[in-house]
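Just target.txt here, compact mmCIF, C-alpha atoms:
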```txt
# COMPACT_ATOMS: atom_id res chain seq x y z
CA MET V 1 37.78 31.60 -15.92
CA ALA V 2 35.00 32.49 -13.50
CA THR V 3 36.71 33.64 -10.36
CA ALA V 4 35.21 33.62 -6.91
CA ILE V 5 37.13 36.36 -5.15
CA PRO V 6 37.46 35.89 -1.41
CA ALA V 7 36.32 38.76 0.79
CA VAL V 8 39.43 40.56 1.97
CA ASP V 9 40.64 44.11 2.53
CA PRO V 10 42.07 45.00 -0.90
CA ALA V 11 44.85 47.11 0.63
CA ALA V 12 46.09 44.15 2.69
CA TYR V 13 45.80 41.83 -0.29
CA PHE V 14 47.75 44.25 -2.50
CA GLU V 15 50.41 44.52 0.19
CA TRP V 16 50.75 40.75 0.41
CA LEU V 17 50.97 40.36 -3.38
CA LEU V 18 53.72 43.00 -3.51
CA ARG V 19 55.69 40.97 -0.97
CA MET V 20 55.41 37.85 -3.13
CA GLY V 21 56.31 39.70 -6.32
CA ASP V 22 59.05 41.87 -4.82
CA ASN V 23 60.80 38.88 -3.26
CA THR V 24 61.01 37.12 -6.63
CA LEU V 25 61.83 40.35 -8.49
CA ILE V 26 64.71 41.44 -6.27
CA LEU V 27 66.16 37.95 -5.88
CA GLY V 28 65.77 37.39 -9.62
CA HIS V 29 67.63 40.63 -10.30
CA ARG V 30 70.38 39.79 -7.82
CA VAL V 31 70.88 36.33 -9.32
CA SER V 32 70.92 37.77 -12.85
CA GLU V 33 73.95 39.87 -11.85
CA TRP V 34 75.95 36.65 -12.14
CA CYS V 35 75.20 36.32 -15.83
CA GLY V 36 78.58 36.15 -17.57
CA HIS V 37 80.53 36.06 -14.29
CA SER V 38 79.96 32.61 -12.80
CA PRO V 39 82.83 30.27 -11.92
CA VAL V 40 81.89 27.77 -14.66
CA LEU V 41 79.65 27.91 -17.72
CA GLU V 42 77.10 25.42 -16.39
CA GLU V 43 76.60 27.45 -13.24
CA ASP V 44 76.30 30.64 -15.24
CA ILE V 45 73.48 29.06 -17.22
CA ALA V 46 71.85 27.61 -14.12
CA LEU V 47 71.86 30.97 -12.35
CA ALA V 48 70.49 32.77 -15.41
CA ASN V 49 67.70 30.19 -15.71
CA THR V 50 66.84 30.52 -12.03
CA ALA V 51 66.69 34.29 -12.42
CA LEU V 52 64.45 33.88 -15.47
CA ASP V 53 61.98 31.68 -13.56
CA LEU V 54 61.88 34.23 -10.72
CA ILE V 55 61.28 37.15 -13.07
CA GLY V 56 58.54 35.15 -14.82
CA GLN V 57 56.85 34.53 -11.48
CA THR V 58 57.19 38.23 -10.68
CA GLN V 59 55.13 39.09 -13.76
CA PHE V 60 52.29 36.92 -12.43
CA TRP V 61 52.39 38.21 -8.84
CA LEU V 62 52.78 41.89 -9.70
CA GLY V 63 50.25 41.54 -12.52
CA LEU V 64 47.69 40.28 -10.02
CA ALA V 65 48.75 42.98 -7.53
CA GLY V 66 47.97 45.65 -10.14
CA GLU V 67 44.61 44.03 -10.81
CA ILE V 68 43.70 43.97 -7.10
CA GLU V 69 44.84 47.56 -6.63
CA GLY V 70 42.55 48.57 -9.48
CA ARG V 71 44.39 51.74 -10.48
CA GLY V 72 45.55 50.47 -13.83
CA ARG V 73 49.14 49.76 -12.84
CA THR V 74 50.76 46.87 -14.69
CA ALA V 75 53.50 44.52 -13.48
CA ASP V 76 55.99 46.69 -15.38
CA ASN V 77 54.73 49.90 -13.75
CA LEU V 78 55.09 48.33 -10.34
CA ALA V 79 58.57 47.00 -11.04
CA TYR V 80 60.04 50.07 -12.70
CA LEU V 81 58.25 53.04 -11.22
CA ARG V 82 58.24 52.52 -7.47
CA ASP V 83 60.88 53.87 -5.12
CA ALA V 84 62.67 51.80 -2.50
CA ALA V 85 60.26 52.64 0.32
CA ALA V 86 57.40 51.15 -1.72
CA PHE V 87 59.16 47.79 -2.12
CA ARG V 88 58.06 44.98 0.16
CA ASN V 89 60.72 42.30 -0.27
CA VAL V 90 62.44 40.79 2.76
CA LEU V 91 65.95 42.06 3.45
CA LEU V 92 67.48 38.64 2.75
CA VAL V 93 66.93 38.85 -1.01
CA GLU V 94 68.60 42.25 -1.36
CA ARG V 95 71.82 41.08 0.35
CA PRO V 96 74.76 41.51 -2.03
CA ASN V 97 75.85 38.40 -3.94
CA GLY V 98 79.27 38.07 -2.34
CA ASP V 99 81.07 34.99 -3.60
CA PHE V 100 79.40 32.06 -5.36
CA GLY V 101 78.97 30.22 -2.05
CA LYS V 102 77.16 33.13 -0.43
CA THR V 103 74.87 33.49 -3.44
CA LEU V 104 74.01 29.79 -3.20
CA MET V 105 73.45 29.96 0.57
CA ARG V 106 71.07 32.92 0.17
CA GLN V 107 69.26 31.03 -2.59
CA PHE V 108 68.97 27.90 -0.46
CA LEU V 109 67.61 29.74 2.61
CA PHE V 110 65.05 31.51 0.43
CA ASP V 111 64.18 28.46 -1.71
CA ALA V 112 63.40 26.41 1.40
CA TYR V 113 60.93 29.12 2.49
CA HIS V 114 59.58 29.71 -1.03
CA LEU V 115 58.85 26.02 -1.48
CA GLU V 116 56.83 25.80 1.76
CA MET V 117 54.93 28.99 0.88
CA LEU V 118 54.02 27.76 -2.62
CA ARG V 119 52.98 24.33 -1.36
CA ALA V 120 50.50 26.05 0.93
CA LEU V 121 49.33 28.51 -1.75
CA VAL V 122 48.33 25.73 -4.15
CA SER V 123 45.17 25.40 -2.04
CA SER V 124 44.54 29.16 -1.76
CA SER V 125 40.92 30.30 -1.60
CA ASP V 126 41.69 32.59 -4.57
CA PRO V 127 42.03 30.44 -7.70
CA ARG V 128 44.28 33.09 -9.30
CA VAL V 129 46.80 32.66 -6.49
CA ALA V 130 46.47 28.87 -6.59
CA GLU V 131 47.25 28.72 -10.31
CA ILE V 132 50.31 30.97 -10.08
CA ALA V 133 51.55 28.89 -7.14
CA GLY V 134 50.95 25.64 -9.05
CA LYS V 135 53.07 26.91 -11.89
CA ALA V 136 55.84 28.35 -9.70
CA LEU V 137 55.98 25.29 -7.45
CA LYS V 138 57.29 23.12 -10.28
CA GLU V 139 60.11 25.58 -10.95
CA VAL V 140 60.99 26.22 -7.33
CA SER V 141 61.21 22.48 -6.66
CA TYR V 142 64.15 22.45 -9.07
CA HIS V 143 65.63 25.59 -7.51
CA PHE V 144 65.55 24.01 -4.08
CA GLU V 145 67.02 20.70 -5.20
CA ARG V 146 69.88 22.48 -6.91
CA SER V 147 70.67 24.99 -4.15
CA ALA V 148 70.41 22.32 -1.42
CA ASP V 149 72.62 19.99 -3.43
CA LEU V 150 75.27 22.67 -3.90
CA VAL V 151 75.16 23.76 -0.24
CA ILE V 152 75.89 20.13 0.65
CA ARG V 153 78.66 19.77 -1.92
CA LEU V 154 80.37 23.01 -0.95
CA GLY V 155 79.76 22.66 2.79
CA ASP V 156 81.05 19.10 2.82
CA GLY V 157 83.70 19.96 0.24
CA THR V 158 87.21 21.31 0.66
CA GLU V 159 88.43 23.12 3.73
CA GLU V 160 88.15 26.41 1.83
CA SER V 161 84.64 25.81 0.47
CA HIS V 162 83.48 24.66 3.92
CA ARG V 163 84.89 27.79 5.53
CA ARG V 164 83.18 30.05 3.01
CA MET V 165 79.83 28.31 3.34
CA GLN V 166 79.88 28.53 7.13
CA LYS V 167 80.77 32.22 6.88
CA ALA V 168 77.90 32.80 4.42
CA LEU V 169 75.48 31.00 6.71
CA ASP V 170 76.62 33.00 9.75
CA GLU V 171 76.23 36.25 7.85
CA LEU V 172 72.83 35.49 6.30
CA TRP V 173 71.20 33.75 9.24
CA PRO V 174 70.07 36.99 10.97
CA TYR V 175 68.14 37.82 7.78
CA THR V 176 66.04 34.64 7.72
CA GLY V 177 63.69 35.42 10.59
CA GLU V 178 61.87 38.17 8.68
CA MET V 179 60.37 35.59 6.32
CA PHE V 180 58.32 34.19 9.18
CA LEU V 181 57.06 37.38 10.84
CA ASP V 182 53.30 38.00 10.73
CA ASP V 183 51.70 41.41 10.53
CA SER V 184 48.19 42.72 9.97
CA ALA V 185 48.33 42.26 6.18
CA ASP V 186 49.41 38.62 6.62
CA GLU V 187 46.63 38.11 9.12
CA ALA V 188 44.02 39.57 6.75
CA VAL V 189 44.96 37.30 3.82
CA ALA V 190 45.26 34.30 6.14
CA GLU V 191 41.82 35.03 7.55
CA ALA V 192 40.41 35.01 3.99
CA GLY V 193 42.09 31.66 3.30
CA ILE V 194 44.27 33.20 0.58
CA ALA V 195 47.64 32.42 2.15
CA PRO V 196 49.12 30.80 5.24
CA LEU V 197 50.52 32.91 8.06
CA PRO V 198 54.27 33.17 7.46
CA SER V 199 54.87 31.92 11.02
CA ALA V 200 53.05 28.70 10.14
CA LEU V 201 55.82 27.83 7.65
CA LYS V 202 58.64 28.10 10.16
CA ALA V 203 58.62 24.55 11.54
CA ALA V 204 58.80 22.92 8.09
CA TRP V 205 61.53 25.38 7.03
CA ASP V 206 63.55 24.68 10.19
CA LYS V 207 63.40 20.98 9.48
CA SER V 208 64.35 21.07 5.80
CA VAL V 209 67.17 23.56 6.46
CA ALA V 210 68.47 21.56 9.43
CA ASP V 211 68.54 18.32 7.38
CA VAL V 212 70.62 19.92 4.65
CA LEU V 213 72.97 21.71 7.05
CA VAL V 214 73.74 18.46 8.85
CA GLU V 215 74.61 16.76 5.59
CA ALA V 216 76.65 19.81 4.59
CA THR V 217 78.58 19.59 7.91
CA LEU V 218 77.61 23.20 8.62
CA VAL V 219 76.65 24.50 12.03
CA ARG V 220 73.39 26.35 12.47
CA PRO V 221 74.18 29.71 14.09
CA GLU V 222 73.19 30.18 17.73
CA GLY V 223 72.28 33.85 17.58
CA THR V 224 68.64 34.87 17.80
CA TYR V 225 68.88 38.52 16.70
CA GLN V 226 66.97 39.08 13.46
CA HIS V 227 66.96 42.07 11.13
CA LYS V 228 63.59 43.19 9.83
CA GLY V 229 61.94 46.04 7.95
CA GLY V 230 61.85 45.04 4.28
CA LYS V 231 58.27 43.77 4.47
CA ARG V 232 57.10 47.25 5.45
CA GLY V 233 59.39 49.18 3.16
CA VAL V 234 62.35 49.88 5.44
CA HIS V 235 65.30 48.63 3.42
CA THR V 236 69.07 48.46 3.59
CA GLU V 237 71.08 50.76 1.34
CA HIS V 238 71.61 47.86 -1.08
CA LEU V 239 68.09 48.05 -2.51
CA GLY V 240 68.66 51.58 -3.79
CA TYR V 241 71.60 50.42 -5.90
CA ILE V 242 69.58 47.53 -7.31
CA LEU V 243 66.74 49.87 -8.29
CA ALA V 244 69.13 52.43 -9.78
CA ASP V 245 70.41 49.71 -12.06
CA MET V 246 67.09 48.03 -12.79
CA GLN V 247 64.97 51.16 -13.26
CA PHE V 248 67.46 53.40 -15.03
CA LEU V 249 66.12 52.98 -18.55
CA GLN V 250 62.46 53.50 -17.65
CA ARG V 251 63.33 56.52 -15.50
CA ALA V 252 65.62 58.15 -18.06
CA TYR V 253 63.38 57.41 -21.04
CA PRO V 254 59.84 57.29 -19.60
CA ASN V 255 57.34 55.02 -21.38
CA SER V 256 59.91 53.53 -23.72
CA VAL V 257 58.92 50.03 -24.77
CA TRP V 258 60.92 46.98 -25.74
CA MET X 1 34.85 35.32 -43.24
CA ASP X 2 31.14 34.93 -42.27
CA ALA X 3 29.66 32.49 -39.77
CA ARG X 4 29.02 29.81 -42.40
CA THR X 5 32.64 29.62 -43.39
CA LEU X 6 34.25 29.64 -39.96
CA PRO X 7 36.71 26.74 -39.98
CA GLU X 8 36.16 23.88 -37.58
CA PRO X 9 38.47 23.88 -34.52
CA LYS X 10 39.81 20.54 -35.85
CA GLU X 11 41.04 22.37 -38.93
CA VAL X 12 42.68 25.07 -36.77
CA TRP X 13 44.46 22.37 -34.75
CA ARG X 14 45.88 21.01 -38.03
CA TRP X 15 47.21 24.47 -38.89
CA LEU X 16 48.80 24.74 -35.45
CA ASP X 17 50.44 21.33 -36.00
CA GLU X 18 52.54 23.15 -38.57
CA VAL X 19 53.79 25.92 -36.28
CA PRO X 20 57.27 25.06 -34.98
CA ASP X 21 58.49 25.82 -31.48
CA PRO X 22 60.83 28.82 -31.91
CA GLU X 23 63.61 27.32 -29.78
CA ILE X 24 63.31 23.67 -30.80
CA PRO X 25 62.01 23.98 -34.36
CA VAL X 26 61.84 20.23 -34.98
CA ILE X 27 58.74 19.98 -32.84
CA SER X 28 55.48 21.84 -33.24
CA LEU X 29 53.55 23.80 -30.65
CA THR X 30 50.99 20.99 -30.56
CA ASP X 31 53.73 18.36 -30.07
CA LEU X 32 54.91 20.41 -27.12
CA GLY X 33 51.41 20.38 -25.64
CA ILE X 34 51.18 24.09 -24.98
CA ILE X 35 48.04 24.72 -27.05
CA ARG X 36 45.32 23.98 -24.50
CA ASP X 37 42.16 24.91 -26.36
CA VAL X 38 40.82 26.16 -29.66
CA ALA X 39 37.24 27.44 -29.72
CA TRP X 40 34.98 30.02 -31.30
CA ASP X 41 33.55 32.81 -29.17
CA GLY X 42 30.97 34.16 -31.63
CA ASP X 43 33.08 35.02 -34.67
CA THR X 44 36.31 35.36 -32.66
CA LEU X 45 38.72 32.48 -32.58
CA VAL X 46 40.08 31.92 -29.06
CA VAL X 47 43.30 29.98 -28.64
CA ALA X 48 44.40 29.14 -25.10
CA VAL X 49 48.15 28.82 -24.67
CA THR X 50 50.03 27.73 -21.55
CA PRO X 51 53.65 28.74 -20.85
CA THR X 52 56.22 25.96 -20.35
CA TYR X 53 58.12 27.98 -17.72
CA SER X 54 56.99 31.25 -16.10
CA GLY X 55 59.91 33.17 -17.52
CA CYS X 56 60.22 31.40 -20.85
CA PRO X 57 61.44 34.15 -23.19
CA ALA X 58 59.92 32.34 -26.18
CA THR X 59 56.38 33.05 -24.98
CA THR X 60 56.04 36.31 -26.88
CA VAL X 61 57.48 34.82 -30.05
CA ILE X 62 55.16 31.81 -29.74
CA ASN X 63 52.12 34.07 -29.54
CA LEU X 64 53.34 36.03 -32.53
CA ASP X 65 53.93 32.83 -34.52
CA ILE X 66 50.45 31.55 -33.69
CA GLU X 67 48.91 34.82 -34.78
CA THR X 68 50.94 34.95 -38.00
CA ALA X 69 50.02 31.36 -38.90
CA LEU X 70 46.31 31.79 -38.23
CA ARG X 71 46.13 35.11 -40.08
CA SER X 72 47.74 33.46 -43.09
CA HIS X 73 44.83 30.99 -43.06
CA GLY X 74 42.39 33.89 -43.18
CA ILE X 75 41.48 34.20 -39.49
CA GLU X 76 40.56 37.82 -38.86
CA LYS X 77 39.25 37.96 -35.32
CA LEU X 78 41.62 36.24 -32.96
CA ARG X 79 42.19 36.26 -29.22
CA LEU X 80 45.08 34.50 -27.48
CA GLU X 81 44.51 33.64 -23.85
CA ARG X 82 47.14 32.71 -21.29
CA ARG X 83 46.14 29.63 -19.31
CA LEU X 84 48.18 28.80 -16.21
CA SER X 85 46.09 25.99 -14.79
CA PRO X 86 46.63 23.10 -14.89
CA PRO X 87 50.32 23.98 -15.18
CA TRP X 88 52.17 22.65 -18.19
CA THR X 89 53.82 19.29 -17.72
CA THR X 90 56.25 17.41 -19.93
CA ASP X 91 53.69 14.56 -19.86
CA TRP X 92 51.87 16.60 -22.52
CA ILE X 93 54.69 16.26 -25.05
CA SER X 94 53.32 13.92 -27.71
CA GLU X 95 54.88 10.57 -28.57
CA ALA X 96 55.74 11.92 -32.01
CA GLY X 97 57.30 14.97 -30.33
CA ARG X 98 59.49 12.76 -28.13
CA GLU X 99 60.81 10.87 -31.13
CA LYS X 100 61.52 14.13 -32.95
CA LEU X 101 63.42 15.45 -29.94
CA ARG X 102 65.54 12.30 -29.75
CA ALA X 103 66.31 12.43 -33.48
CA TYR X 104 67.31 16.08 -33.05
CA GLY X 105 69.79 15.19 -30.26
CA ILE X 106 67.72 16.12 -27.21
CA ALA X 107 66.90 13.29 -24.79
CA PRO X 108 63.12 13.39 -24.17
CA PRO X 109 61.77 13.64 -20.59
CA ILE X 110 61.50 10.50 -18.49
CA ASP X 111 58.04 10.80 -16.94
CA GLY X 112 57.82 10.67 -13.18
CA THR X 113 61.29 12.08 -12.54
CA ALA X 114 60.29 15.66 -11.85
CA ALA X 115 61.87 17.40 -8.86
CA ASP X 116 59.44 17.65 -5.99
CA GLY X 117 61.61 19.71 -3.69
CA ARG X 118 62.18 16.86 -1.27
CA LEU X 119 65.63 16.01 -2.57
CA MET X 120 64.24 12.82 -4.09
CA ALA X 121 66.81 12.83 -6.83
CA ARG X 122 69.61 13.00 -4.32
CA ALA X 123 68.07 10.35 -2.09
CA SER X 124 67.61 7.99 -5.01
CA ARG X 125 71.18 8.63 -6.22
CA LEU X 126 72.55 7.92 -2.76
CA ALA X 127 70.52 4.72 -2.67
CA GLY X 128 72.22 3.71 -5.91
CA SER X 129 69.14 3.91 -8.10
CA ASN X 130 69.74 5.30 -11.52
CA LEU X 131 66.88 6.62 -13.60
CA ALA X 132 69.02 6.55 -16.67
CA VAL X 133 68.70 9.14 -19.38
CA ALA X 134 69.67 7.47 -22.64
CA CYS X 135 72.15 9.27 -24.88
CA PRO X 136 70.19 10.47 -27.93
CA ARG X 137 73.21 9.80 -30.17
CA CYS X 138 74.45 6.31 -29.25
CA GLY X 139 71.63 5.08 -27.01
CA SER X 140 73.94 4.31 -24.09
CA THR X 141 72.44 4.69 -20.63
CA ARG X 142 75.86 5.34 -19.13
CA THR X 143 75.26 9.07 -18.88
CA GLU X 144 75.85 11.70 -16.21
CA LYS X 145 74.20 14.96 -15.31
CA VAL X 146 76.48 17.95 -15.74
CA SER X 147 73.99 20.56 -14.58
CA GLN X 148 70.32 20.67 -13.76
CA PHE X 149 69.93 23.62 -16.11
CA GLY X 150 70.84 23.59 -19.79
CA SER X 151 70.62 25.87 -22.78
CA THR X 152 67.02 26.78 -21.90
CA PRO X 153 65.10 26.54 -18.61
CA CYS X 154 63.35 23.38 -19.83
CA LYS X 155 66.55 21.41 -20.30
CA ALA X 156 69.39 19.95 -18.22
CA SER X 157 72.95 19.33 -19.41
CA TYR X 158 74.13 15.73 -19.65
CA ARG X 159 77.16 13.91 -20.97
CA CYS X 160 77.42 10.40 -22.38
CA SER X 161 80.15 8.30 -20.73
CA ASP X 162 80.39 6.03 -23.79
CA CYS X 163 80.42 8.28 -26.85
CA LEU X 164 81.53 11.24 -24.68
CA GLU X 165 79.15 13.64 -26.40
CA PRO X 166 77.44 16.31 -24.29
CA PHE X 167 73.69 16.56 -24.86
CA ASP X 168 70.56 18.30 -23.62
CA TYR X 169 67.97 16.43 -21.58
CA PHE X 170 64.42 17.81 -21.67
CA LYS X 171 63.77 17.62 -17.95
CA CYS X 172 60.56 16.48 -16.45
CA ILE X 173 58.22 18.98 -14.80
```

Output the file's structure as structure tokens, nothing else.
Amino acid sequence: MATAIPAVDPAAYFEWLLRMGDNTLILGHRVSEWCGHSPVLEEDIALANTALDLIGQTQFWLGLAGEIEGRGRTADNLAYLRDAAAFRNVLLVERPNGDFGKTLMRQFLFDAYHLEMLRALVSSSDPRVAEIAGKALKEVSYHFERSADLVIRLGDGTEESHRRMQKALDELWPYTGEMFLDDSADEAVAEAGIAPLPSALKAAWDKSVADVLVEATLVRPEGTYQHKGGKRGVHTEHLGYILADMQFLQRAYPNSVW
Amino acid sequence: MDARTLPEPKEVWRWLDEVPDPEIPVISLTDLGIIRDVAWDGDTLVVAVTPTYSGCPATTVINLDIETALRSHGIEKLRLERRLSPPWTTDWISEAGREKLRAYGIAPPIDGTAADGRLMARASRLAGSNLAVACPRCGSTRTEKVSQFGSTPCKASYRCSDCLEPFDYFKCI
């Protein structure tokens, strides 16, 4: 396909693509940790399928990141051979799974953001971004419907499930703000028409999250303090453990192939 | 194979009609609608393939199967291209493919029921509307969704309330 590449600082573009790919990679890995451990078989399968979609999307985003960087790094190189400080995912997606309710709450808060981001990216000025977004959007629409549905069922469920969902929401809420922070890399890609400013997605996210929380009989936390750092490589200790697990084989047996 | 004997793309399509999907072997890759183009670039045959889902683990096997089939028909120079746009939709599953799915025990997709991320499915359920998925075994439309995800990313799990059999529904995207 003939590709008209928008004029943009390649370093900023690379940075932005890493954020897209690292969010889906780390969340995909986290969700895959449930494989074989879920409360019921159907949910085990659903979580594994969600993880699979996210890892598939990671291959596209990190593949394009490697292309933009132009140093010959592939999606696999970027996934397996970077250290924690080089990862650009938001802190929310590296939060530990906790119980099933907390995993679903994290998924829902991210899905609601992911959906708005992909909807905007479908009309990206870079056709390569638009086509990845078009593909991912179909999958993420299902992710969001499922996670929202389960947040409602568990929130408006038994006393115990309600309690756990509210606790999950209270714990994860201070990690949602980072998804909507703008920095110079975001501004550069927005300027080039490649992607929206993260802050521009906030209003739609607030609305879709609020609608679901009301139906789930859950109370949106009051606090305004927000953790940040993941987008620029400052992570919590949890990421190191994820990478130790995920990268072990490639680190111990360099260049081994499947 | 010299230029005069290069097979027509039509012929290549017929060969691809014979290549089964690795996960649902009753339908072919062309029934599934994932072969997007067959063309000659000089003396190289170029086949454009689109993935069903981003992370579909069958993608590698599908490419290998395409290559094996075309080599067995004497194609020497071959290039497989990944095409993401327009993204694959279940609308591209052929009529014949839908019948084969049903006969195999998988309910084919009901067009126009794809998730759009606006909780449409939930809204329509709450409003009492029922876009019924018919049981592929007994034909009953008294069925219920067990889970939005089934044995592969492209399917959901359903159960028939009449014959009580569980079955896969090829969900719409």

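Across the structure, atom CA of X:Arg79 and atom CA of X:Glu67 are spaced 8.8 Å apart.
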
Chain V residues near chain X within 10 Å, closest pair each, using all atoms listed in the file, as a Markdown table:
```
| residue | atom | partner | partner_atom | distance |
| --- | --- | --- | --- | --- |
| V:Met1 | CA | X:Arg83 | CA | 9.2 |
| V:Leu41 | CA | X:Ser147 | CA | 9.8 |
| V:Glu42 | CA | X:Ser147 | CA | 6.0 |
| V:Glu43 | CA | X:Ser147 | CA | 7.5 |
| V:Asp44 | CA | X:Phe149 | CA | 9.5 |
| V:Ile45 | CA | X:Phe149 | CA | 6.6 |
| V:Ala46 | CA | X:Phe149 | CA | 4.9 |
| V:Leu47 | CA | X:Phe149 | CA | 8.5 |
| V:Ala48 | CA | X:Pro153 | CA | 8.8 |
| V:Asn49 | CA | X:Pro153 | CA | 5.3 |
| V:Thr50 | CA | X:Pro153 | CA | 7.9 |
| V:Ala51 | CA | X:Gly55 | CA | 8.6 |
| V:Leu52 | CA | X:Gly55 | CA | 5.0 |
| V:Asp53 | CA | X:Gly55 | CA | 4.7 |
| V:Leu54 | CA | X:Gly55 | CA | 7.2 |
| V:Ile55 | CA | X:Gly55 | CA | 6.1 |
| V:Gly56 | CA | X:Gly55 | CA | 3.6 |
| V:Gln57 | CA | X:Ser54 | CA | 5.7 |
| V:Thr58 | CA | X:Ser54 | CA | 8.8 |
| V:Gln59 | CA | X:Ser54 | CA | 8.4 |
| V:Phe60 | CA | X:Ser54 | CA | 8.2 |
| V:Asp111 | CA | X:Gly117 | CA | 9.3 |
| V:Ala112 | CA | X:Gly117 | CA | 8.6 |
| V:Leu115 | CA | X:Gly117 | CA | 7.2 |
| V:Glu116 | CA | X:Gly117 | CA | 9.5 |
| V:Pro127 | CA | X:Ser85 | CA | 9.3 |
| V:Arg128 | CA | X:Leu84 | CA | 9.0 |
| V:Ala130 | CA | X:Ser85 | CA | 8.7 |
| V:Glu131 | CA | X:Ser85 | CA | 5.4 |
| V:Ile132 | CA | X:Leu84 | CA | 6.8 |
| V:Ala133 | CA | X:Pro87 | CA | 9.5 |
| V:Gly134 | CA | X:Pro87 | CA | 6.4 |
| V:Lys135 | CA | X:Pro87 | CA | 5.2 |
| V:Ala136 | CA | X:Ser54 | CA | 7.1 |
| V:Leu137 | CA | X:Asp116 | CA | 8.5 |
| V:Lys138 | CA | X:Ile173 | CA | 6.2 |
| V:Glu139 | CA | X:Tyr53 | CA | 7.5 |
| V:Val140 | CA | X:Gly117 | CA | 7.5 |
| V:Ser141 | CA | X:Gly117 | CA | 4.1 |
| V:Tyr142 | CA | X:Ala115 | CA | 5.5 |
| V:His143 | CA | X:Gly117 | CA | 8.1 |
| V:Phe144 | CA | X:Gly117 | CA | 5.8 |
| V:Glu145 | CA | X:Leu119 | CA | 5.6 |
| V:Arg146 | CA | X:Gln148 | CA | 7.1 |
| V:Ala148 | CA | X:Leu119 | CA | 8.0 |
| V:Asp149 | CA | X:Arg122 | CA | 7.7 |
| V:Ser208 | CA | X:Arg118 | CA | 8.5 |
| V:Val212 | CA | X:Leu119 | CA | 9.6 |
```

Excluding same-chain residues fewer than 5 positions from V:Phe14, what lies within 8 Å of it counting only C-alpha atoms, as a PyMOL selection string?
chain V and resi 65-66+68-69

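Atom pair atom CA of V:Val151 / atom CA of V:Met105: separated by 6.5 Å.
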
Would you mind reading off the distance between atom CA of V:Asp211 and atom CA of V:Trp173, one decimal, in Å?
15.8 Å

When you look at X:Asp41 with a cut-off of 12 Å (counting all atoms listed in the file), what residues show up, excluding the ones that are within fewer than 6 positions of it in the same chain? I need them as a PyMOL selection string.
chain X and resi 3+6+9+47+77-80

How would the residues just chosen look if you wrote them out with C-alpha atoms as an mmCIF file, keeping the file's coordinate frame?
```
data_model
loop_
_atom_site.group_PDB
_atom_site.id
_atom_site.type_symbol
_atom_site.label_atom_id
_atom_site.label_comp_id
_atom_site.auth_asym_id
_atom_site.auth_seq_id
_atom_site.Cartn_x
_atom_site.Cartn_y
_atom_site.Cartn_z
ATOM 1 C CA ALA X 3 29.660 32.490 -39.770
ATOM 2 C CA LEU X 6 34.250 29.640 -39.960
ATOM 3 C CA PRO X 9 38.470 23.880 -34.520
ATOM 4 C CA VAL X 47 43.300 29.980 -28.640
ATOM 5 C CA LYS X 77 39.250 37.960 -35.320
ATOM 6 C CA LEU X 78 41.620 36.240 -32.960
ATOM 7 C CA ARG X 79 42.190 36.260 -29.220
ATOM 8 C CA LEU X 80 45.080 34.500 -27.480
#
```

Which residue of X:Ala134, X:Ile34, X:Ile62, X:Val12 approaches X:Thr50 most closely, using all atoms listed in the file:
X:Ile34

With only C-alpha atoms as the counted atoms, please give the residues lying no more than 10 Å from V:Leu78, apart from itself and same-chain residues fewer than 2 positions off, as a list in words.
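The contact residues come out as Leu18, Gly21, Asp22, Gln59, Leu62, Gly63, Ala65, Gly66, Arg73, Thr74, Ala75, Asp76, Tyr80, Leu81, Arg82, Asp83, Ala86 and Phe87 of chain V.
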
Select, from X:Glu95, X:Glu8, X:Glu81, X:Asp162, the residue with the minimum atom-to-atom distance to X:Pro109, counting all atoms listed in the file.
X:Glu95

Excluding V:Asp245 and residues on its chain fewer than 3 positions from it, collect all residues at most 12 Å away from it, counting only C-alpha atoms, and give them as a list in words.
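Residues near the query, excluding close chain neighbours: Ile26, His29, Arg30, Ser32, Glu33, Tyr80, His238, Leu239, Gly240, Tyr241, Ile242, Phe248, Leu249, Gln250, Arg251 and Ala252 of chain V.
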
Could those residues be written to a file, using C-alpha atoms, as a PDB file, in the frame of the given file?
```pdb
ATOM      1  CA  ILE V  26      64.710  41.440  -6.270  1.00  0.00           C
ATOM      2  CA  HIS V  29      67.630  40.630 -10.300  1.00  0.00           C
ATOM      3  CA  ARG V  30      70.380  39.790  -7.820  1.00  0.00           C
ATOM      4  CA  SER V  32      70.920  37.770 -12.850  1.00  0.00           C
ATOM      5  CA  GLU V  33      73.950  39.870 -11.850  1.00  0.00           C
ATOM      6  CA  TYR V  80      60.040  50.070 -12.700  1.00  0.00           C
ATOM      7  CA  HIS V 238      71.610  47.860  -1.080  1.00  0.00           C
ATOM      8  CA  LEU V 239      68.090  48.050  -2.510  1.00  0.00           C
ATOM      9  CA  GLY V 240      68.660  51.580  -3.790  1.00  0.00           C
ATOM     10  CA  TYR V 241      71.600  50.420  -5.900  1.00  0.00           C
ATOM     11  CA  ILE V 242      69.580  47.530  -7.310  1.00  0.00           C
ATOM     12  CA  PHE V 248      67.460  53.400 -15.030  1.00  0.00           C
ATOM     13  CA  LEU V 249      66.120  52.980 -18.550  1.00  0.00           C
ATOM     14  CA  GLN V 250      62.460  53.500 -17.650  1.00  0.00           C
ATOM     15  CA  ARG V 251      63.330  56.520 -15.500  1.00  0.00           C
ATOM     16  CA  ALA V 252      65.620  58.150 -18.060  1.00  0.00           C
TER      17      ALA V 252
END
```

Residues near X:Thr5, anyone? I mean within 12 Å using only C-alpha atoms, not counting same-chain ones fewer than 6 positions away, as a PyMOL selection string.
chain X and resi 11+43+74-75
